[in-house]
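The structure appears right after this line, and notes come after that.
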Amino acid sequence: MYKMFEIINRELLPIKAHYFLFNAATGPIVPFLPTIAKQLGFSGFLVGTIYTILPISGLIAKPLFGGLADKLKIHKILFLIFQVIVAISMFMINFIPKIDSTANVTLICNGDASLEMCSKKEFSNSVLKDVITETMHLNESCQVSCKATKEIYTEMCLNWKASKFCKAANSSHIANSETFDFTLGFDVFHDSYLSKCIYIKILTATFLDNVAHKPACKNYVKTTCTATCKKNPTFNRLLKEVKDSQTNTMQSSMYQYQSFLSATIISWIGMAVVVSIADAICFNLLGNERRKDYGKQKMWGSIGFGIFGIAAGYLVDFFSEGQQQKDYTCIFYIMLITMIFDIIVSTTIKKKNAESLEDEPSIVWELFTVCKQANMLTFVWWCIGAGMCTGVVWNFLFWYTEDLATSSQLAWLKTLQGLLTGIQCFLGELPFNFISGTVLRKLGHVNVMSLVLLIYAIRFMAYSTVSNLWWFLIIEILHGPSFGLCWPTMVSYGDKVTPPNTKATIQGFIGAIFEGIGTSSGSLICGWLISIYGGVTTFRVFSIGALVWLTCFWLIELLLRKVKASPIHMGHNHLTNYANLDDAILMTMSRELQTY
């Protein structure tokens, strides 16, 4: 035992601990941010817009603050400062209020009473399914404030048996601003949808005296009302679509949108800086002779991300038991406590003195030298396509599972999402990162790139055809041959086509193409499609899109081979210089390490 501890390099223990703690802190938050935004009331398009901006902000922050750290030699100071920024900005997301879903509706009473909710455009399929198809809504209610009229007061007095309104019914004058408030109760009812309006049958009406009345009218009466459905996600979504058609969506949710966007941008920038400086410190501690051990240090971040991601899903379900909506409070406190431990551990990291470097060529010249090679055209095309597919999985997979979930599945939905994260890490990416070098040697880069797009197409089509959420656990194994091979392939190919003194710059350029263009545009398109056509159609569109992108990739590749535009033939094993496997291992396991 004593000899085993002698083998452990104590100098590297703090950086290992940082990778574990930092990913354990952000792991419970990052996968759930899109669904947190959805619960706040954001549409798919708004979330897609947010996730278009976030990768770009991270890409700008990395070179900006990385260059500042190199110039002023303040790596550790910035490292600690931005850890604090991540902790504070991410914790503040927990306090952003939900978007007010109060909307204008009409109370119609003609025999039975019903609430008329109309939209200027068609209601979404998911809302229609939940409100119209589902015939059982137990113990659900909405709060309504209606404009008073003599006719409605008379019906409430005589037929609703609400004697408190009899005096008002006999009054000769009712003020134009007078209203009456009550709570509508729904139990077993039959709703209907006609000409862009949903009619919800009212079972009970409860006033401030807490006495439930049966609303029924002998004469036809109607009045305008405002309605809000607290702690009722189904009708909240319905009211939100009604409100969105009545007012500008962005204006009605501007405060929440700006607050969420600001907090996530600040946290994304913070994570980008922490990740990039941590890697620089790690390589500094390893030195040139031990750079191959980088993957062994980064692996601890993957372990922290996977373990805490699984635990977070279960804890959210546990603390949300009996509630209509999920309570994410616990994971924000887990993040805060874990980040405090990370900051404490990070203060013990002792960075070595930086070695003097020879003058390097300008970034512009490095990019020009590599980009003028014709084979970079197909590589850039593939990076954009793979980035778009990856953005869909990162930002909208959990969103889609929530759309598919039935009322009986909501109780354990976060546990399932946590398990999906665990499978992505431990059964998908982990094994495929370790065998990526062998796969690249056997198949060649072009074939592996093609395989990645093909698996994404199969994966998206599987999502769109499976309705049982438990099957998603099996589908997630495809995360390995899709994303698990994607990043090592990019790293390896970038190493292959670049001269020795330009590798860092070109790897940054590749990341900019993949995240800044691919992931961003994929998130924007996916958010727009989900808002209009729903998740099933969106995933089928991306499945077909991945196949079309693959076809174009091969056409460009065949054209370049035919005209011999490039001296380097992509996919020829005898010409390939592969990145050392240890440098590529587990680079994709922690999702935030690639998106910021």
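Residues are referred to by chain and number: the chain letter is A, B, ... according to the order shown in the structure tokens, the number counts from 1 in that chain, and ligands are numbered separately from 1 in the order shown.
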When you look at Ser521 (chain A) with a cut-off of 10 Å (counting only C-alpha atoms), what residues show up, excluding the ones that are within fewer than 2 positions of it in the same chain? I need them as a list of chain:residue names. A:Gly48, A:Thr49, A:Tyr51, A:Thr52, A:Ile53, A:Ile384, A:Gly385, A:Gly387, A:Met388, A:Cys389, A:Gly391, A:Val392, A:Glu515, A:Gly516, A:Ile517, A:Gly518, A:Thr519, A:Ser523, A:Leu524, A:Ile525, A:Cys526, A:Gly527
Original post:
So which residues touch Phe180 (chain A) within 9 Å, counting only C-alpha atoms, skipping near sequence neighbours fewer than 2 positions away, as a list of chain:residue names?
Top reply: A:Val144, A:Ser145, A:Cys146, A:Lys147, A:Ala148, A:Glu178, A:Phe182, A:Phe207
Just-selected residues, all heavy atoms written as an mmCIF file, in the first residue's frame:
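selection10.cif written:
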```cif
data_model
loop_
_atom_site.group_PDB
_atom_site.id
_atom_site.type_symbol
_atom_site.label_atom_id
_atom_site.label_comp_id
_atom_site.auth_asym_id
_atom_site.auth_seq_id
_atom_site.Cartn_x
_atom_site.Cartn_y
_atom_site.Cartn_z
ATOM 1 N N VAL A 144 -59.206 32.727 -12.278
ATOM 2 C CA VAL A 144 -59.828 33.569 -13.302
ATOM 3 C C VAL A 144 -60.370 34.837 -12.661
ATOM 4 O O VAL A 144 -60.932 34.804 -11.560
ATOM 5 C CB VAL A 144 -60.978 32.819 -14.010
ATOM 6 C CG1 VAL A 144 -61.614 33.703 -15.076
ATOM 7 C CG2 VAL A 144 -60.464 31.537 -14.636
ATOM 8 N N SER A 145 -60.180 35.949 -13.350
ATOM 9 C CA SER A 145 -60.764 37.230 -12.952
ATOM 10 C C SER A 145 -61.565 37.756 -14.135
ATOM 11 O O SER A 145 -61.002 38.005 -15.213
ATOM 12 C CB SER A 145 -59.672 38.225 -12.558
ATOM 13 O OG SER A 145 -60.238 39.472 -12.212
ATOM 14 N N CYS A 146 -62.900 37.896 -13.946
ATOM 15 C CA CYS A 146 -63.792 38.220 -15.063
ATOM 16 C C CYS A 146 -64.457 39.587 -14.873
ATOM 17 O O CYS A 146 -64.686 40.029 -13.736
ATOM 18 C CB CYS A 146 -64.885 37.162 -15.200
ATOM 19 S SG CYS A 146 -64.262 35.520 -15.606
ATOM 20 N N LYS A 147 -64.796 40.200 -16.006
ATOM 21 C CA LYS A 147 -65.503 41.487 -15.988
ATOM 22 C C LYS A 147 -66.958 41.246 -15.562
ATOM 23 O O LYS A 147 -67.633 40.359 -16.084
ATOM 24 C CB LYS A 147 -65.448 42.132 -17.368
ATOM 25 C CG LYS A 147 -66.049 43.533 -17.427
ATOM 26 C CD LYS A 147 -65.965 44.088 -18.829
ATOM 27 C CE LYS A 147 -66.426 45.547 -18.859
ATOM 28 N NZ LYS A 147 -67.786 45.734 -18.310
ATOM 29 N N ALA A 148 -67.421 42.032 -14.605
ATOM 30 C CA ALA A 148 -68.777 41.852 -14.083
ATOM 31 C C ALA A 148 -69.816 42.462 -15.009
ATOM 32 O O ALA A 148 -69.615 43.545 -15.571
ATOM 33 C CB ALA A 148 -68.871 42.482 -12.697
ATOM 34 N N GLU A 178 -65.460 46.813 -12.524
ATOM 35 C CA GLU A 178 -65.743 45.787 -11.508
ATOM 36 C C GLU A 178 -65.471 44.391 -12.059
ATOM 37 O O GLU A 178 -65.861 44.057 -13.187
ATOM 38 C CB GLU A 178 -67.195 45.899 -11.044
ATOM 39 C CG GLU A 178 -67.518 44.972 -9.878
ATOM 40 C CD GLU A 178 -68.928 45.214 -9.332
ATOM 41 O OE1 GLU A 178 -69.479 46.324 -9.548
ATOM 42 O OE2 GLU A 178 -69.457 44.277 -8.698
ATOM 43 N N PHE A 182 -62.550 33.942 -9.150
ATOM 44 C CA PHE A 182 -62.863 32.596 -8.668
ATOM 45 C C PHE A 182 -61.870 31.608 -9.268
ATOM 46 O O PHE A 182 -61.089 31.950 -10.177
ATOM 47 C CB PHE A 182 -64.307 32.201 -9.000
ATOM 48 C CG PHE A 182 -64.630 32.171 -10.469
ATOM 49 C CD1 PHE A 182 -64.685 30.974 -11.164
ATOM 50 C CD2 PHE A 182 -64.902 33.349 -11.169
ATOM 51 C CE1 PHE A 182 -64.995 30.939 -12.509
ATOM 52 C CE2 PHE A 182 -65.229 33.321 -12.514
ATOM 53 C CZ PHE A 182 -65.266 32.117 -13.182
ATOM 54 N N PHE A 207 -65.256 30.336 -5.060
ATOM 55 C CA PHE A 207 -65.000 31.745 -4.755
ATOM 56 C C PHE A 207 -64.193 31.843 -3.461
ATOM 57 O O PHE A 207 -63.687 30.839 -2.949
ATOM 58 C CB PHE A 207 -66.336 32.497 -4.675
ATOM 59 C CG PHE A 207 -67.107 32.477 -5.959
ATOM 60 C CD1 PHE A 207 -68.124 31.547 -6.166
ATOM 61 C CD2 PHE A 207 -66.798 33.361 -6.979
ATOM 62 C CE1 PHE A 207 -68.820 31.513 -7.363
ATOM 63 C CE2 PHE A 207 -67.488 33.336 -8.174
ATOM 64 C CZ PHE A 207 -68.500 32.409 -8.372
#
```
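Nearest to Lys76 (chain A) of all the residues A:Leu107, A:Ala280, A:Ala169, A:Ile60 is A:Ala280, based on only C-alpha atoms.
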* Any idea what's packed within 12 Å of Gln83 (chain A), counting only C-alpha atoms, ignoring anything in its chain fewer than 4 positions away? Could you give it as a PyMOL selection string? -> chain A and resi 18+21-23+25-26+76-79+87-90+266-275+277-278+335-336+338-347
Go ahead and dump the residues you just picked, C-alpha atoms, as an mmCIF file, in the first residue's frame.
```
data_model
loop_
_atom_site.group_PDB
_atom_site.id
_atom_site.type_symbol
_atom_site.label_atom_id
_atom_site.label_comp_id
_atom_site.auth_asym_id
_atom_site.auth_seq_id
_atom_site.Cartn_x
_atom_site.Cartn_y
_atom_site.Cartn_z
ATOM 1 C CA HIS A 18 -9.990 20.229 -10.064
ATOM 2 C CA LEU A 21 -14.815 18.802 -8.855
ATOM 3 C CA PHE A 22 -15.351 21.330 -11.651
ATOM 4 C CA ASN A 23 -17.157 18.800 -13.842
ATOM 5 C CA ALA A 25 -20.250 20.992 -10.169
ATOM 6 C CA THR A 26 -21.285 21.873 -13.722
ATOM 7 C CA LYS A 76 -3.782 31.185 -11.640
ATOM 8 C CA ILE A 77 -5.389 34.515 -10.707
ATOM 9 C CA LEU A 78 -7.760 34.401 -13.702
ATOM 10 C CA PHE A 79 -8.305 30.701 -13.052
ATOM 11 C CA ALA A 87 -20.351 29.688 -9.245
ATOM 12 C CA ILE A 88 -22.199 33.002 -8.788
ATOM 13 C CA SER A 89 -23.663 33.347 -12.295
ATOM 14 C CA MET A 90 -24.834 29.738 -12.455
ATOM 15 C CA ILE A 266 -21.442 34.896 -18.065
ATOM 16 C CA SER A 267 -21.270 31.297 -16.856
ATOM 17 C CA TRP A 268 -20.332 30.048 -20.373
ATOM 18 C CA ILE A 269 -17.538 32.599 -20.613
ATOM 19 C CA GLY A 270 -16.395 31.649 -17.127
ATOM 20 C CA MET A 271 -16.367 27.946 -17.959
ATOM 21 C CA ALA A 272 -14.546 28.589 -21.231
ATOM 22 C CA VAL A 273 -11.779 30.478 -19.445
ATOM 23 C CA VAL A 274 -11.534 27.951 -16.594
ATOM 24 C CA VAL A 275 -11.359 25.019 -19.003
ATOM 25 C CA ILE A 277 -6.513 27.834 -18.459
ATOM 26 C CA ALA A 278 -6.856 24.533 -16.595
ATOM 27 C CA MET A 335 -23.072 23.069 -7.806
ATOM 28 C CA LEU A 336 -22.327 25.892 -5.357
ATOM 29 C CA THR A 338 -18.809 21.616 -5.095
ATOM 30 C CA MET A 339 -17.463 24.785 -6.724
ATOM 31 C CA ILE A 340 -16.382 26.089 -3.301
ATOM 32 C CA PHE A 341 -14.390 22.887 -2.765
ATOM 33 C CA ASP A 342 -12.940 23.254 -6.267
ATOM 34 C CA ILE A 343 -11.799 26.820 -5.554
ATOM 35 C CA ILE A 344 -10.151 25.680 -2.309
ATOM 36 C CA VAL A 345 -8.357 22.815 -4.084
ATOM 37 C CA SER A 346 -7.317 25.076 -6.980
ATOM 38 C CA THR A 347 -5.492 27.425 -4.630
#
```
The distance between CA of Phe553 (chain A) and CA of Val380 (chain A) is 9.8 Å
Close residues, Trp549 (chain A) itself excluded, 9 Å, only C-alpha atoms, min 6 positions apart in chain, as a PyMOL selection string: chain A and resi 381-382+385+453
Quick one: residues within 6 Å of Phe460 (chain A), only C-alpha atoms, excluding same-chain residues fewer than 3 positions away - as a PyMOL selection string?
chain A and resi 457+463+539+543
Would you output that residue set with N, CA, C and O atoms, as an mmCIF file, in the first residue's frame?
```cif
data_model
loop_
_atom_site.group_PDB
_atom_site.id
_atom_site.type_symbol
_atom_site.label_atom_id
_atom_site.label_comp_id
_atom_site.auth_asym_id
_atom_site.auth_seq_id
_atom_site.Cartn_x
_atom_site.Cartn_y
_atom_site.Cartn_z
ATOM 1 N N ALA A 457 -27.642 10.077 -38.373
ATOM 2 C CA ALA A 457 -28.898 9.946 -39.114
ATOM 3 C C ALA A 457 -29.745 8.807 -38.550
ATOM 4 O O ALA A 457 -30.963 8.954 -38.348
ATOM 5 N N TYR A 463 -34.893 8.173 -32.579
ATOM 6 C CA TYR A 463 -35.591 9.055 -31.638
ATOM 7 C C TYR A 463 -37.018 9.338 -32.110
ATOM 8 O O TYR A 463 -37.957 9.363 -31.309
ATOM 9 N N PHE A 539 -36.631 15.797 -35.495
ATOM 10 C CA PHE A 539 -35.588 14.770 -35.520
ATOM 11 C C PHE A 539 -35.567 14.027 -36.852
ATOM 12 O O PHE A 539 -34.503 13.608 -37.316
ATOM 13 N N SER A 543 -32.443 13.833 -39.344
ATOM 14 C CA SER A 543 -31.977 12.527 -39.834
ATOM 15 C C SER A 543 -31.760 12.565 -41.342
ATOM 16 O O SER A 543 -30.710 12.152 -41.846
#
```
Task: Residue list (strand (DSSP E or B), DSSP) for region 6-176 of chain A, as a VMD selection string - done: chain A and resid 103 to 118 136 to 147
